[in-house]
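See structure below.
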Amino acid sequence: MTRRNGRVGTKPDLVLLGGGARPGGRVWLVGAGPGDPDLLTVRALKTLQKADVVVHDGLVTGEVLDLAPSEARRISVAKRKSRHSYSQEEINRMLVAFALQGLKVVRLKGGDPFIFGRGGEELEACRAAGVPCEVIPGVTAALAAGASAGAPLTHRGSAQAVTFVTGHASNGAEPDLDWASLARANQTVVIYMGLSQAAPIAARLMAAGRAPATPALVVENASRPDERRIVTTLFELAAAASGLSGPALLIVGEAMALAVPCADFREGEDAQQRIPPARERAVSQ
């Protein structure tokens, strides 16, 4: 299903109009950020405002989509846990076909196009078809989650490195990761798409040597009005994630001891009023 100016329609007709390819068409892979439209880059906003077609993920918020021209065609290619409105191959062909019709095509992707966004595949498809394609980076969810919680992803003395991994394997199984490397202390591990695998991920990290008491943070809907944060430990990570439906991040590392779940943290909460980590619980914004 697709949406054109907010209305549901059928899958778009991708047959090129008579005369073959038309000049002027191109594709932009644009990072829409984690949800808050204020976190769009200026370049992303300017590009979105000149789009003829916006092909967007399900994670892109309505507030961001509303920044596109009212006459722009909007097509949702949302992917939700094995329920895909379009395959990746169909999306690739769609981008190319619209561009060859001479249209300005914005592929609007939640977060950053190159952080678990399959932007590389779409870039390759455009290159193979001879379609000009430009990538505009976006604020990936991990940066927004750490910022809103006041928990730096790198921090002198407690996090000399940060690693982004996926918690979702293509067949729905446990991801094949270098657990021994991820279990080393004094680093931050950010797990995207890991809610359903929180228990085996935590178990693997502890079995590889990561301390059960390592601070952890779960953030659902980072940067959005309904953002929810849970400060916990690696040992309790699975229990903390069990009541959430996502999109959410699991973040493990010593620097997460600085995380604050209070809703008004970004409004300048005094450090003395913060709840001690051992007593913190989920707080909705």
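If you're wondering about the labels, chains in the structure tokens are A, B, ... by order shown, residues count from 1 in each chain, ligands from 1 in order shown.
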
To test your reading of the structure, identify every residue in stretch 9-244 of chain A that backbone DSSP assigns to strand (DSSP E or B), and report it as a ChimeraX atom specification. /A:9,26-31,33,53-56,73-76,79-80,83-84,104-109,111,133-136,155,159,162-166,188-192,215-220,228-233

Give me, as a PyMOL selection string, all polymer residues having an atom no more than 7 Å from A:Asp57, counting only C-alpha atoms and skipping those fewer than 4 positions away in the same chain. chain A and resi 76-78+108-110

Need the shell around stretch 198-209 of chain A: protein/DNA/RNA residues with any atom at most 6 Å away, counting only C-alpha atoms. Skip same-chain ones fewer than 6 positions apart. Format as a PyMOL selection string? chain A and resi 180+183+238

Could those selected residues go to a file with C-alpha atoms, as a PDB file, in the first residue's frame?
ATOM      1  CA  ALA A 180      34.253 -12.048  23.128  1.00  0.00           C
ATOM      2  CA  ALA A 183      32.244  -8.459  26.276  1.00  0.00           C
ATOM      3  CA  ALA A 238      15.860  -8.922  29.289  1.00  0.00           C
TER       4      ALA A 238
END

Run DSSP on the backbone and give me the residues of stretch 90-231 of chain A it puts in alpha helix (DSSP H), as number ranges by chain. A: 90-100, 119-129, 141-149, 179-182, 198-207

Here is a test: counting only C-alpha atoms, which residue of A:Arg184, A:Val105, A:Leu45, A:Leu100 is nearest to A:Ala72?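 Smallest separation from A:Ala72 among the options: A:Val105.
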
Separating atom CA of A:Ser87 from atom CA of A:Gly119, to the nearest tenth of an Å, is a gap of 13.9 Å
